[in-house]
$ cat work-v4.cif   # mmCIF, C-alpha atoms and all ligand atoms
data_work
#
loop_
_atom_site.group_PDB
_atom_site.id
_atom_site.type_symbol
_atom_site.label_atom_id
_atom_site.label_comp_id
_atom_site.auth_asym_id
_atom_site.auth_seq_id
_atom_site.Cartn_x
_atom_site.Cartn_y
_atom_site.Cartn_z
ATOM 1 C CA MET A 29 16.528 -6.375 -0.792
ATOM 2 C CA VAL A 30 16.845 -3.067 1.050
ATOM 3 C CA PHE A 31 13.776 -1.136 2.199
ATOM 4 C CA ILE A 32 14.466 2.544 2.854
ATOM 5 C CA GLY A 33 11.925 3.450 5.546
ATOM 6 C CA GLY A 34 11.388 -0.269 6.125
ATOM 7 C CA ALA A 35 9.877 -0.023 9.602
ATOM 8 C CA GLY A 36 7.118 2.338 8.437
ATOM 9 C CA ASN A 37 3.474 1.351 8.020
ATOM 10 C CA MET A 38 3.585 0.334 4.363
ATOM 11 C CA ALA A 39 7.046 -1.190 3.993
ATOM 12 C CA GLY A 40 6.613 -2.815 7.412
ATOM 13 C CA ALA A 41 3.430 -4.512 6.168
ATOM 14 C CA VAL A 42 5.150 -5.708 2.961
ATOM 15 C CA ILE A 43 8.173 -7.005 4.867
ATOM 16 C CA GLY A 44 5.973 -8.660 7.512
ATOM 17 C CA GLY A 45 3.918 -10.340 4.779
ATOM 18 C CA MET A 46 7.008 -11.451 2.835
ATOM 19 C CA VAL A 47 8.614 -12.996 5.907
ATOM 20 C CA ALA A 48 5.349 -14.695 6.942
ATOM 21 C CA SER A 49 5.081 -16.168 3.430
ATOM 22 C CA GLY A 50 8.550 -17.735 3.715
ATOM 23 C CA TYR A 51 10.829 -15.109 2.119
ATOM 24 C CA PRO A 52 14.152 -15.319 4.013
ATOM 25 C CA ALA A 53 14.308 -12.500 6.576
ATOM 26 C CA ASP A 54 18.089 -12.694 6.302
ATOM 27 C CA ASN A 55 17.878 -11.289 2.745
ATOM 28 C CA ILE A 56 16.054 -8.142 3.857
ATOM 29 C CA VAL A 57 17.491 -4.933 5.303
ATOM 30 C CA ALA A 58 15.164 -2.249 6.672
ATOM 31 C CA THR A 59 16.451 1.274 7.202
ATOM 32 C CA GLY A 60 15.058 4.076 9.337
ATOM 33 C CA ARG A 61 16.085 7.072 11.410
ATOM 34 C CA ASP A 62 14.549 6.102 14.738
ATOM 35 C CA GLU A 63 16.941 3.525 16.170
ATOM 36 C CA GLN A 64 14.576 2.111 18.808
ATOM 37 C CA LYS A 65 11.680 1.748 16.357
ATOM 38 C CA LEU A 66 13.990 -0.031 13.910
ATOM 39 C CA LYS A 67 15.330 -2.314 16.631
ATOM 40 C CA ASP A 68 11.819 -3.329 17.698
ATOM 41 C CA PHE A 69 10.844 -3.947 14.073
ATOM 42 C CA CYS A 70 13.898 -6.104 13.392
ATOM 43 C CA LYS A 71 13.277 -8.100 16.556
ATOM 44 C CA ARG A 72 9.670 -8.698 15.505
ATOM 45 C CA THR A 73 10.410 -9.707 11.896
ATOM 46 C CA GLY A 74 13.960 -11.082 12.010
ATOM 47 C CA VAL A 75 15.223 -8.760 9.234
ATOM 48 C CA HIS A 76 18.431 -6.721 9.431
ATOM 49 C CA GLY A 77 18.271 -3.045 10.303
ATOM 50 C CA SER A 78 20.389 0.021 9.592
ATOM 51 C CA THR A 79 20.191 3.734 10.240
ATOM 52 C CA ASP A 80 22.714 4.303 7.441
ATOM 53 C CA ASN A 81 20.960 4.288 4.056
ATOM 54 C CA LEU A 82 24.182 4.561 2.042
ATOM 55 C CA ALA A 83 25.846 1.658 3.807
ATOM 56 C CA ALA A 84 22.675 -0.416 3.482
ATOM 57 C CA ILE A 85 22.438 -0.044 -0.306
ATOM 58 C CA GLU A 86 26.183 -0.639 -0.845
ATOM 59 C CA GLU A 87 25.654 -4.064 -2.424
ATOM 60 C CA ALA A 88 21.900 -4.126 -2.907
ATOM 61 C CA ASP A 89 20.382 -5.427 -6.150
ATOM 62 C CA VAL A 90 16.950 -4.119 -5.200
ATOM 63 C CA VAL A 91 16.235 -0.895 -3.309
ATOM 64 C CA VAL A 92 12.647 -0.269 -2.198
ATOM 65 C CA LEU A 93 11.813 3.351 -1.373
ATOM 66 C CA SER A 94 9.124 3.780 1.263
ATOM 67 C CA VAL A 95 9.418 7.173 2.886
ATOM 68 C CA LYS A 96 6.604 9.729 2.845
ATOM 69 C CA PRO A 97 6.301 11.579 -0.488
ATOM 70 C CA GLN A 98 7.429 14.839 1.185
ATOM 71 C CA GLY A 99 10.760 13.275 2.183
ATOM 72 C CA MET A 100 11.392 11.430 -1.067
ATOM 73 C CA LYS A 101 13.360 14.087 -2.955
ATOM 74 C CA ALA A 102 15.961 14.647 -0.224
ATOM 75 C CA MET A 103 16.256 10.915 0.372
ATOM 76 C CA CYS A 104 16.751 10.143 -3.340
ATOM 77 C CA GLU A 105 19.300 12.910 -3.752
ATOM 78 C CA SER A 106 21.276 11.524 -0.837
ATOM 79 C CA LEU A 107 21.408 8.120 -2.573
ATOM 80 C CA ALA A 108 21.832 9.400 -6.142
ATOM 81 C CA GLU A 109 25.582 9.020 -6.517
ATOM 82 C CA LYS A 110 25.598 5.401 -5.418
ATOM 83 C CA VAL A 111 22.402 4.445 -7.190
ATOM 84 C CA SER A 112 23.359 5.985 -10.523
ATOM 85 C CA ALA A 113 26.768 4.301 -10.374
ATOM 86 C CA ARG A 114 25.455 0.794 -9.572
ATOM 87 C CA LYS A 115 21.931 0.992 -11.042
ATOM 88 C CA PRO A 116 20.101 -1.471 -8.784
ATOM 89 C CA LEU A 117 16.405 -2.021 -9.446
ATOM 90 C CA VAL A 118 14.578 0.744 -7.577
ATOM 91 C CA ILE A 119 10.996 0.019 -6.519
ATOM 92 C CA THR A 120 9.127 2.987 -5.105
ATOM 93 C CA LEU A 121 5.984 2.576 -3.035
ATOM 94 C CA ALA A 122 5.142 6.293 -2.880
ATOM 95 C CA ALA A 123 1.858 7.787 -4.021
ATOM 96 C CA GLY A 124 1.833 10.919 -6.170
ATOM 97 C CA ILE A 125 5.435 10.937 -7.409
ATOM 98 C CA PRO A 126 5.880 10.310 -11.148
ATOM 99 C CA LEU A 127 8.792 8.338 -12.558
ATOM 100 C CA ALA A 128 10.158 11.484 -14.196
ATOM 101 C CA ALA A 129 10.842 12.943 -10.740
ATOM 102 C CA TYR A 130 12.909 9.922 -9.690
ATOM 103 C CA GLN A 131 14.882 10.164 -12.921
ATOM 104 C CA ARG A 132 15.713 13.778 -12.041
ATOM 105 C CA TRP A 133 16.593 12.963 -8.442
ATOM 106 C CA LEU A 134 18.445 9.654 -8.939
ATOM 107 C CA GLY A 135 19.946 10.246 -12.376
ATOM 108 C CA ALA A 136 18.962 8.878 -15.770
ATOM 109 C CA GLY A 137 19.200 5.194 -16.638
ATOM 110 C CA VAL A 138 18.201 3.764 -13.267
ATOM 111 C CA PRO A 139 15.549 1.034 -13.698
ATOM 112 C CA ILE A 140 12.522 2.095 -11.656
ATOM 113 C CA VAL A 141 9.253 0.329 -10.899
ATOM 114 C CA ARG A 142 6.394 2.188 -9.275
ATOM 115 C CA ALA A 143 4.540 -0.149 -6.923
ATOM 116 C CA MET A 144 1.308 0.712 -5.137
ATOM 117 C CA PRO A 145 0.694 -1.844 -2.397
ATOM 118 C CA ASN A 146 -1.776 -1.732 0.475
ATOM 119 C CA THR A 147 -1.473 -2.548 4.176
ATOM 120 C CA PRO A 148 -3.347 -5.912 4.065
ATOM 121 C CA ALA A 149 -0.016 -7.118 2.629
ATOM 122 C CA LEU A 150 0.812 -7.763 6.278
ATOM 123 C CA VAL A 151 -1.696 -10.623 6.371
ATOM 124 C CA GLY A 152 -0.955 -11.904 2.860
ATOM 125 C CA THR A 153 -4.100 -10.412 1.301
ATOM 126 C CA GLY A 154 -2.566 -7.341 -0.250
ATOM 127 C CA VAL A 155 -3.021 -5.813 -3.686
ATOM 128 C CA THR A 156 -0.044 -4.282 -5.482
ATOM 129 C CA GLY A 157 -0.341 -2.230 -8.648
ATOM 130 C CA LEU A 158 2.906 -2.084 -10.647
ATOM 131 C CA TYR A 159 4.199 0.140 -13.439
ATOM 132 C CA ALA A 160 7.558 -0.290 -15.151
ATOM 133 C CA GLY A 161 9.656 2.638 -16.306
ATOM 134 C CA ASP A 162 12.168 2.664 -19.179
ATOM 135 C CA GLY A 163 15.017 0.210 -18.856
ATOM 136 C CA VAL A 164 13.111 -2.202 -16.632
ATOM 137 C CA THR A 165 13.871 -5.714 -17.879
ATOM 138 C CA ASP A 166 11.731 -8.840 -17.683
ATOM 139 C CA GLU A 167 14.016 -10.024 -14.884
ATOM 140 C CA HIS A 168 13.378 -6.807 -12.935
ATOM 141 C CA LYS A 169 9.649 -7.218 -13.522
ATOM 142 C CA SER A 170 9.759 -10.719 -12.186
ATOM 143 C CA VAL A 171 11.550 -9.518 -9.002
ATOM 144 C CA ALA A 172 8.824 -6.909 -8.443
ATOM 145 C CA THR A 173 6.096 -9.454 -9.203
ATOM 146 C CA GLN A 174 7.643 -11.875 -6.700
ATOM 147 C CA MET A 175 7.573 -9.210 -3.979
ATOM 148 C CA ALA A 176 3.910 -8.454 -4.745
ATOM 149 C CA ASP A 177 2.889 -12.112 -5.072
ATOM 150 C CA ALA A 178 4.450 -12.891 -1.686
ATOM 151 C CA VAL A 179 1.961 -10.557 -0.004
ATOM 152 C CA GLY A 180 -1.156 -10.946 -2.162
ATOM 153 C CA ILE A 181 -2.108 -10.269 -5.779
ATOM 154 C CA ALA A 182 -0.372 -8.101 -8.377
ATOM 155 C CA LEU A 183 -1.582 -6.040 -11.321
ATOM 156 C CA TRP A 184 0.785 -4.501 -13.887
ATOM 157 C CA VAL A 185 -0.652 -1.357 -15.463
ATOM 158 C CA GLU A 186 0.306 -0.153 -18.944
ATOM 159 C CA GLN A 187 0.074 3.600 -18.289
ATOM 160 C CA GLU A 188 1.586 5.449 -15.340
ATOM 161 C CA SER A 189 -1.807 7.093 -14.710
ATOM 162 C CA GLY A 190 -3.086 3.586 -13.971
ATOM 163 C CA ILE A 191 -1.219 3.784 -10.660
ATOM 164 C CA ASP A 192 -3.512 6.655 -9.562
ATOM 165 C CA GLN A 193 -6.510 4.456 -10.372
ATOM 166 C CA VAL A 194 -4.974 1.635 -8.335
ATOM 167 C CA ILE A 195 -4.493 4.056 -5.410
ATOM 168 C CA ALA A 196 -8.192 5.009 -5.559
ATOM 169 C CA VAL A 197 -9.285 1.361 -5.488
ATOM 170 C CA SER A 198 -6.813 -0.645 -3.447
ATOM 171 C CA GLY A 199 -3.992 1.604 -2.162
ATOM 172 C CA SER A 200 -6.351 3.789 -0.138
ATOM 173 C CA GLY A 201 -9.222 1.287 -0.282
ATOM 174 C CA PRO A 202 -8.556 -0.458 3.043
ATOM 175 C CA ALA A 203 -9.269 2.835 4.812
ATOM 176 C CA TYR A 204 -12.692 3.068 3.114
ATOM 177 C CA TYR A 205 -13.636 -0.310 4.556
ATOM 178 C CA PHE A 206 -12.202 0.609 7.962
ATOM 179 C CA GLN A 207 -14.328 3.772 7.879
ATOM 180 C CA PHE A 208 -17.420 1.725 7.076
ATOM 181 C CA MET A 209 -16.631 -0.753 9.858
ATOM 182 C CA GLU A 210 -16.037 2.085 12.314
ATOM 183 C CA SER A 211 -19.412 3.612 11.437
ATOM 184 C CA MET A 212 -21.166 0.250 11.875
ATOM 185 C CA ILE A 213 -19.497 -0.331 15.239
ATOM 186 C CA ASP A 214 -20.409 3.175 16.428
ATOM 187 C CA ALA A 215 -24.012 2.765 15.262
ATOM 188 C CA ALA A 216 -24.415 -0.633 16.920
ATOM 189 C CA GLU A 217 -23.018 0.712 20.178
ATOM 190 C CA LYS A 218 -25.346 3.711 19.986
ATOM 191 C CA ALA A 219 -28.236 1.297 19.508
ATOM 192 C CA GLY A 220 -27.266 -0.429 22.778
ATOM 193 C CA MET A 221 -24.868 -3.221 21.827
ATOM 194 C CA ASP A 222 -21.728 -3.727 23.874
ATOM 195 C CA ARG A 223 -18.821 -2.175 21.882
ATOM 196 C CA ALA A 224 -16.671 -5.307 21.987
ATOM 197 C CA ASP A 225 -19.593 -7.380 20.678
ATOM 198 C CA ALA A 226 -20.301 -4.779 17.985
ATOM 199 C CA GLU A 227 -16.667 -4.924 16.908
ATOM 200 C CA ARG A 228 -16.596 -8.721 16.829
ATOM 201 C CA LEU A 229 -19.773 -8.974 14.787
ATOM 202 C CA THR A 230 -18.835 -6.170 12.388
ATOM 203 C CA LEU A 231 -15.364 -7.532 11.641
ATOM 204 C CA GLN A 232 -16.572 -11.104 11.187
ATOM 205 C CA THR A 233 -19.316 -9.839 8.862
ATOM 206 C CA ALA A 234 -16.777 -7.906 6.764
ATOM 207 C CA LEU A 235 -14.493 -10.935 6.617
ATOM 208 C CA GLY A 236 -17.370 -13.256 5.738
ATOM 209 C CA ALA A 237 -18.698 -10.935 3.031
ATOM 210 C CA ALA A 238 -15.258 -10.538 1.435
ATOM 211 C CA LYS A 239 -14.545 -14.279 1.565
ATOM 212 C CA LEU A 240 -17.933 -15.085 0.077
ATOM 213 C CA ALA A 241 -17.510 -12.491 -2.679
ATOM 214 C CA VAL A 242 -14.116 -13.942 -3.622
ATOM 215 C CA ALA A 243 -15.375 -17.547 -3.590
ATOM 216 C CA ALA A 244 -18.772 -17.026 -5.250
ATOM 217 C CA ASP A 245 -19.410 -17.543 -8.940
ATOM 218 C CA VAL A 246 -21.920 -14.677 -9.047
ATOM 219 C CA ASP A 247 -21.162 -10.951 -8.830
ATOM 220 C CA VAL A 248 -21.497 -8.788 -5.726
ATOM 221 C CA ALA A 249 -24.796 -7.286 -6.926
ATOM 222 C CA GLN A 250 -26.306 -10.797 -6.924
ATOM 223 C CA LEU A 251 -24.790 -11.584 -3.519
ATOM 224 C CA LYS A 252 -26.434 -8.408 -2.221
ATOM 225 C CA ARG A 253 -29.800 -9.455 -3.675
ATOM 226 C CA ASN A 254 -29.407 -12.861 -2.011
ATOM 227 C CA VAL A 255 -29.428 -11.118 1.394
ATOM 228 C CA MET A 256 -32.427 -8.925 0.538
ATOM 229 C CA SER A 257 -35.819 -10.522 1.121
ATOM 230 C CA PRO A 258 -38.641 -8.631 -0.635
ATOM 231 C CA ASN A 259 -39.938 -5.980 1.729
ATOM 232 C CA GLY A 260 -37.543 -7.299 4.381
ATOM 233 C CA THR A 261 -35.013 -5.655 6.671
ATOM 234 C CA THR A 262 -32.007 -5.495 4.313
ATOM 235 C CA GLU A 263 -34.069 -3.878 1.564
ATOM 236 C CA ARG A 264 -34.976 -1.090 3.982
ATOM 237 C CA ALA A 265 -31.314 -0.520 4.903
ATOM 238 C CA ILE A 266 -30.047 -0.627 1.304
ATOM 239 C CA LYS A 267 -32.808 1.792 0.248
ATOM 240 C CA ARG A 268 -31.539 4.225 2.875
ATOM 241 C CA PHE A 269 -27.946 3.905 1.556
ATOM 242 C CA GLN A 270 -29.092 4.487 -2.008
ATOM 243 C CA GLU A 271 -31.398 7.399 -1.195
ATOM 244 C CA GLY A 272 -28.562 8.896 0.833
ATOM 245 C CA GLY A 273 -26.367 8.819 -2.276
ATOM 246 C CA LEU A 274 -23.840 6.181 -1.189
ATOM 247 C CA PRO A 275 -22.987 5.013 -4.758
ATOM 248 C CA GLN A 276 -22.377 8.610 -5.909
ATOM 249 C CA LEU A 277 -20.453 9.386 -2.723
ATOM 250 C CA VAL A 278 -18.149 6.418 -3.287
ATOM 251 C CA GLU A 279 -17.557 7.520 -6.884
ATOM 252 C CA GLN A 280 -16.762 11.073 -5.747
ATOM 253 C CA ALA A 281 -14.451 9.918 -2.950
ATOM 254 C CA MET A 282 -12.505 7.671 -5.320
ATOM 255 C CA GLY A 283 -12.315 10.517 -7.844
ATOM 256 C CA ASP A 284 -10.983 12.836 -5.125
ATOM 257 C CA CYS A 285 -8.418 10.220 -4.143
ATOM 258 C CA ALA A 286 -7.044 9.834 -7.678
ATOM 259 C CA ALA A 287 -7.140 13.608 -8.199
ATOM 260 C CA ARG A 288 -5.107 14.102 -5.015
ATOM 261 C CA ALA A 289 -2.455 11.699 -6.336
ATOM 262 C CA ALA A 290 -2.181 13.744 -9.540
ATOM 263 C CA GLU A 291 -2.139 17.013 -7.559
ATOM 264 C CA MET A 292 0.691 15.743 -5.318
ATOM 265 C CA ALA A 293 2.874 15.410 -8.403
ATOM 266 C CA ASN A 294 2.513 19.161 -8.994
ATOM 267 C CA GLU A 295 3.524 19.991 -5.424
ATOM 268 C CA LEU A 296 6.956 18.409 -5.711
ATOM 269 C CA ASP A 297 10.112 20.481 -5.466
ATOM 270 C CA LYS A 298 11.571 20.228 -8.938
HETATM 271 N N1 LIG B 1 0.251 3.615 4.390
HETATM 272 C C1 LIG B 1 -0.308 3.079 3.312
HETATM 273 O O1 LIG B 1 -1.374 2.435 3.384
HETATM 274 C C2 LIG B 1 0.368 3.213 1.984
HETATM 275 C C3 LIG B 1 1.486 4.014 1.806
HETATM 276 N N2 LIG B 1 2.082 4.096 0.581
HETATM 277 C C4 LIG B 1 3.285 4.909 0.418
HETATM 278 O O2 LIG B 1 4.276 4.372 1.270
HETATM 279 C C5 LIG B 1 5.168 5.415 1.667
HETATM 280 C C6 LIG B 1 5.370 5.362 3.175
HETATM 281 O O3 LIG B 1 4.139 5.590 3.809
HETATM 282 P P1 LIG B 1 3.860 5.047 5.286
HETATM 283 O O4 LIG B 1 4.485 3.734 5.455
HETATM 284 O O5 LIG B 1 2.402 5.206 5.507
HETATM 285 O O6 LIG B 1 4.654 6.140 6.155
HETATM 286 P P2 LIG B 1 5.450 5.920 7.520
HETATM 287 O O7 LIG B 1 5.728 7.274 8.058
HETATM 288 O O8 LIG B 1 4.729 4.944 8.376
HETATM 289 O O9 LIG B 1 6.813 5.238 7.052
HETATM 290 C C7 LIG B 1 7.855 5.944 6.498
HETATM 291 C C8 LIG B 1 9.124 5.486 7.153
HETATM 292 O O10 LIG B 1 10.197 6.144 6.522
HETATM 293 C C9 LIG B 1 11.202 6.342 7.485
HETATM 294 N N3 LIG B 1 12.063 7.412 6.993
HETATM 295 C C10 LIG B 1 11.762 8.696 6.749
HETATM 296 N N4 LIG B 1 12.821 9.350 6.250
HETATM 297 C C11 LIG B 1 13.817 8.452 6.172
HETATM 298 C C12 LIG B 1 15.156 8.500 5.714
HETATM 299 N N5 LIG B 1 15.690 9.630 5.237
HETATM 300 N N6 LIG B 1 15.896 7.386 5.779
HETATM 301 C C13 LIG B 1 15.378 6.237 6.247
HETATM 302 N N7 LIG B 1 14.108 6.108 6.681
HETATM 303 C C14 LIG B 1 13.347 7.207 6.652
HETATM 304 C C15 LIG B 1 10.481 6.651 8.755
HETATM 305 O O11 LIG B 1 11.292 6.174 9.783
HETATM 306 P P3 LIG B 1 11.631 7.022 11.102
HETATM 307 O O12 LIG B 1 10.364 7.062 11.875
HETATM 308 O O13 LIG B 1 12.710 6.210 11.715
HETATM 309 O O14 LIG B 1 12.058 8.368 10.610
HETATM 310 C C16 LIG B 1 9.208 5.790 8.634
HETATM 311 O O15 LIG B 1 9.328 4.574 9.343
HETATM 312 C C17 LIG B 1 4.551 6.734 1.222
HETATM 313 O O16 LIG B 1 5.293 7.251 0.159
HETATM 314 C C18 LIG B 1 3.134 6.367 0.818
HETATM 315 O O17 LIG B 1 2.674 7.144 -0.271
HETATM 316 C C19 LIG B 1 1.636 3.385 -0.491
HETATM 317 C C20 LIG B 1 0.551 2.584 -0.382
HETATM 318 C C21 LIG B 1 -0.226 2.486 0.838
HETATM 319 O O1 LIG B 2 -2.860 8.193 1.905
HETATM 320 C C1 LIG B 2 -1.857 8.101 1.200
HETATM 321 O O2 LIG B 2 -1.379 9.091 0.616
HETATM 322 C C2 LIG B 2 -1.183 6.740 1.055
HETATM 323 C C3 LIG B 2 -1.146 6.286 -0.377
HETATM 324 C C4 LIG B 2 -2.144 5.184 -0.484
HETATM 325 C C5 LIG B 2 -2.519 4.907 0.903
HETATM 326 N N1 LIG B 2 -1.945 5.731 1.714
#

$ encode --input "work-v4.cif" --output "structure tokens"
Amino acid sequence: MVFIGGAGNMAGAVIGGMVASGYPADNIVATGRDEQKLKDFCKRTGVHGSTDNLAAIEEADVVVLSVKPQGMKAMCESLAEKVSARKPLVITLAAGIPLAAYQRWLGAGVPIVRAMPNTPALVGTGVTGLYAGDGVTDEHKSVATQMADAVGIALWVEQESGIDQVIAVSGSGPAYYFQFMESMIDAAEKAGMDRADAERLTLQTALGAAKLAVAADVDVAQLKRNVMSPNGTTERAIKRFQEGGLPQLVEQAMGDCAARAAEMANELDK
């Protein structure tokens, strides 16, 4: 499996998670332009590295594309001849680029899966949304599912627009939680707590809440009520969140996120 842009944030997290889960590092090649960065990454993970994309994909059955959306067209066009001749399974991790664009850039008939992972893949708790284009076989789907399962949970969506919904929930979602944690840490420090203590307590609380929510047989609304004593402290805090419009704000932010993914598709060089 060859990851183009493999030492980057997203592919690096997927590769790190795959290797940690037992996938043989020897079967993975990461490519990049920055030789030192690639070297450090390969040393850390045990995978092979190359600064030559064309040489790296020479015999690849699976090519994972993980460069920034802005660099995707040029990168695909540079691989097109080889990819359209050999037709490996191409899995793209990019947000905001529709399958139709890859078909233009790589040539028709190449099996392409759009995958939308998230960075918690690095610690095996990732979420990957998947969408299969034309010509993707069950065998291809099982390869993509295996990659996703190795680093967390997978969800196949039926419509390509489902990928934008996945981005709004889980692709970008880790950053929403990091923002919330950052705000809690800042507030606790402002209130007089030592920053390191604030960080430790905030992170453990986030971890505990997520673990409890996954394990519990009641929904998150009930778990929230379980923390709220009538006329107690939590009720006062939650009232402030609700009066401040947090639920609406979350809905708007997720809407903006999905809208940005759709907008990015219109900004592509044709
Ligand atoms: N970050 C995230 O949480 C998520 C990102 N994504 C998607 O993943 C993709 C990558 O994002 P992210 O990892 O954040 O970005 P990064 O910039 O961290 O990673 C991109 C990598 O691509 C490499 N690269 C760029 N051009 C080339 C090229 N021509 N040949 C080989 N390698 C190249 C860069 O290497 P070098 O520095 O050596 O140039 C860099 O390491 C994006 O398309 C994004 O939409 C999807 C889900 C979540
Ligand atoms: O912010 C972005 O565009 C990428 C896609 C999902 C998470 N990061």

$ resolve_selection --input "work-v4.cif" --expression "the PyMOL selection byres (((chain A and resi 93-106) around 6) and not hetatm)" --output "JSON list (two decimals) with C-alpha atoms, in the coordinates of the input"
[["chain", "number", "residue", "atom", "x", "y", "z"],
["A", 32, "ILE", "CA", 14.47, 2.54, 2.85],
["A", 33, "GLY", "CA", 11.92, 3.45, 5.55],
["A", 92, "VAL", "CA", 12.65, -0.27, -2.20],
["A", 107, "LEU", "CA", 21.41, 8.12, -2.57],
["A", 108, "ALA", "CA", 21.83, 9.40, -6.14],
["A", 120, "THR", "CA", 9.13, 2.99, -5.11],
["A", 121, "LEU", "CA", 5.98, 2.58, -3.04],
["A", 122, "ALA", "CA", 5.14, 6.29, -2.88],
["A", 133, "TRP", "CA", 16.59, 12.96, -8.44],
["A", 134, "LEU", "CA", 18.44, 9.65, -8.94]]

$ residues_around --input "work-v4.cif" --residues "segment 197-214 of chain A" --least-positions-apart "5" --cutoff "12 Å" --atoms "all atoms listed in the file" --output "ChimeraX atom specification"
/A:38,121-124,143-149,153-158,180-183,190-192,219-235,237-238,274,277-279,281-286,288-289

$ closest_residue --input "work-v4.cif" --among "A:Ser49, A:Ser170, A:Ser78, A:Ser189" --to "Leu127 of chain A" --atoms "only C-alpha atoms"
A:Ser189

$ axis_aligned_box --input "work-v4.cif" --around "segment 232-242 of chain A" --padding-each-side "4 Å" --output "AutoDock Vina command-line options"
--center_x -16.7 --center_y -11.5 --center_z 3.8 --size_x 13.2 --size_y 15.2 --size_z 22.8

$ closest_residue --input "work-v4.cif" --among "A:Gln280, A:Asn81, A:Ser257, A:Gln187" --to "ligand LIG 1 (chain B)" --atoms "only C-alpha atoms and all ligand atoms"
A:Asn81

$ residues_around --input "work-v4.cif" --residues "Ala265 of chain A" --least-positions-apart "6" --cutoff "12 Å" --atoms "all atoms listed in the file" --output "list in words"
Lys252, Val255, Met256, Ser257, Asn259, Glu271, Gly272 and Leu274 of chain A

$ atom_distance --input "work-v4.cif" --atom1 "atom CA of Gln131 of chain A" --atom2 "atom CA of Gly36 of chain A"
24.0 Å

$ resolve_selection --input "work-v4.cif" --expression "the PyMOL selection byres (((chain A and resi 55) around 10) and not hetatm)" --output "VMD selection string"
chain A and resid 29 to 30 47 51 to 54 56 to 57 75 to 76 88

$ residues_around --input "work-v4.cif" --residues "Val111 of chain A" --least-positions-apart "6" --cutoff "9 Å" --atoms "all atoms listed in the file" --output "count of residues only"
7

$ residues_near_point --input "work-v4.cif" --point "(12.4, 2.1, -10.7)" --cutoff "8 Å" --atoms "all atoms listed in the file" --output "PyMOL selection string"
chain A and resi 117-120+127+130+138-142+160-161+164

$ atom_distance --input "work-v4.cif" --atom1 "atom CA of Trp184 of chain A" --atom2 "atom CA of Thr165 of chain A"
13.7 Å

$ closest_residue --input "work-v4.cif" --among "A:Asn37, A:Ser112, A:Thr261, A:Gln270" --to "ligand LIG 1 (chain B)" --atoms "all atoms listed in the file"
A:Asn37

$ closest_residue --input "work-v4.cif" --among "A:Val151, A:Val185, A:Met292, A:Ala216" --to "ligand LIG 1 (chain B)" --atoms "only C-alpha atoms and all ligand atoms"
A:Met292

$ residues_near_point --input "work-v4.cif" --point "(9.0, -11.1, 0.0)" --cutoff "6 Å" --atoms "only C-alpha atoms" --output "number ranges by chain"
A: 46, 51, 175, 178

$ closest_residue --input "work-v4.cif" --among "A:Ala172, A:Gly273, A:Ala39, A:Gly50" --to "ligand LIG 2 (chain B)" --atoms "all atoms listed in the file"
A:Ala39

$ atom_distance --input "work-v4.cif" --atom1 "atom CA of Leu82 of chain A" --atom2 "atom C14 of ligand LIG 1 (chain B)"
12.1 Å

$ decode --input "work-v4.cif" --residues "segment 237-247 of chain A" --atoms "N, CA and C atoms" --output "mmCIF file, in the first residue's frame"
data_model
loop_
_atom_site.group_PDB
_atom_site.id
_atom_site.type_symbol
_atom_site.label_atom_id
_atom_site.label_comp_id
_atom_site.auth_asym_id
_atom_site.auth_seq_id
_atom_site.Cartn_x
_atom_site.Cartn_y
_atom_site.Cartn_z
ATOM 1 N N ALA A 237 -15.858 10.924 29.803
ATOM 2 C CA ALA A 237 -17.201 11.152 29.259
ATOM 3 C C ALA A 237 -17.394 10.341 27.979
ATOM 4 N N ALA A 238 -16.387 10.346 27.105
ATOM 5 C CA ALA A 238 -16.510 9.603 25.843
ATOM 6 C C ALA A 238 -16.596 8.101 26.099
ATOM 7 N N LYS A 239 -15.757 7.609 27.017
ATOM 8 C CA LYS A 239 -15.771 6.171 27.327
ATOM 9 C C LYS A 239 -17.117 5.763 27.917
ATOM 10 N N LEU A 240 -17.621 6.595 28.813
ATOM 11 C CA LEU A 240 -18.907 6.295 29.446
ATOM 12 C C LEU A 240 -20.027 6.307 28.407
ATOM 13 N N ALA A 241 -19.991 7.297 27.511
ATOM 14 C CA ALA A 241 -21.043 7.404 26.495
ATOM 15 C C ALA A 241 -21.037 6.190 25.569
ATOM 16 N N VAL A 242 -19.838 5.688 25.259
ATOM 17 C CA VAL A 242 -19.741 4.517 24.377
ATOM 18 C C VAL A 242 -20.234 3.260 25.109
ATOM 19 N N ALA A 243 -19.904 3.160 26.404
ATOM 20 C CA ALA A 243 -20.240 1.937 27.148
ATOM 21 C C ALA A 243 -21.691 1.912 27.632
ATOM 22 N N ALA A 244 -22.289 3.073 27.838
ATOM 23 C CA ALA A 244 -23.599 3.139 28.508
ATOM 24 C C ALA A 244 -24.720 2.596 27.626
ATOM 25 N N ASP A 245 -25.784 2.120 28.265
ATOM 26 C CA ASP A 245 -26.929 1.683 27.471
ATOM 27 C C ASP A 245 -28.039 2.736 27.470
ATOM 28 N N VAL A 246 -27.695 3.955 27.873
ATOM 29 C CA VAL A 246 -28.647 5.076 27.730
ATOM 30 C C VAL A 246 -27.995 6.129 26.833
ATOM 31 N N ASP A 247 -28.814 7.057 26.300
ATOM 32 C CA ASP A 247 -28.245 8.038 25.371
ATOM 33 C C ASP A 247 -27.528 9.178 26.113
#
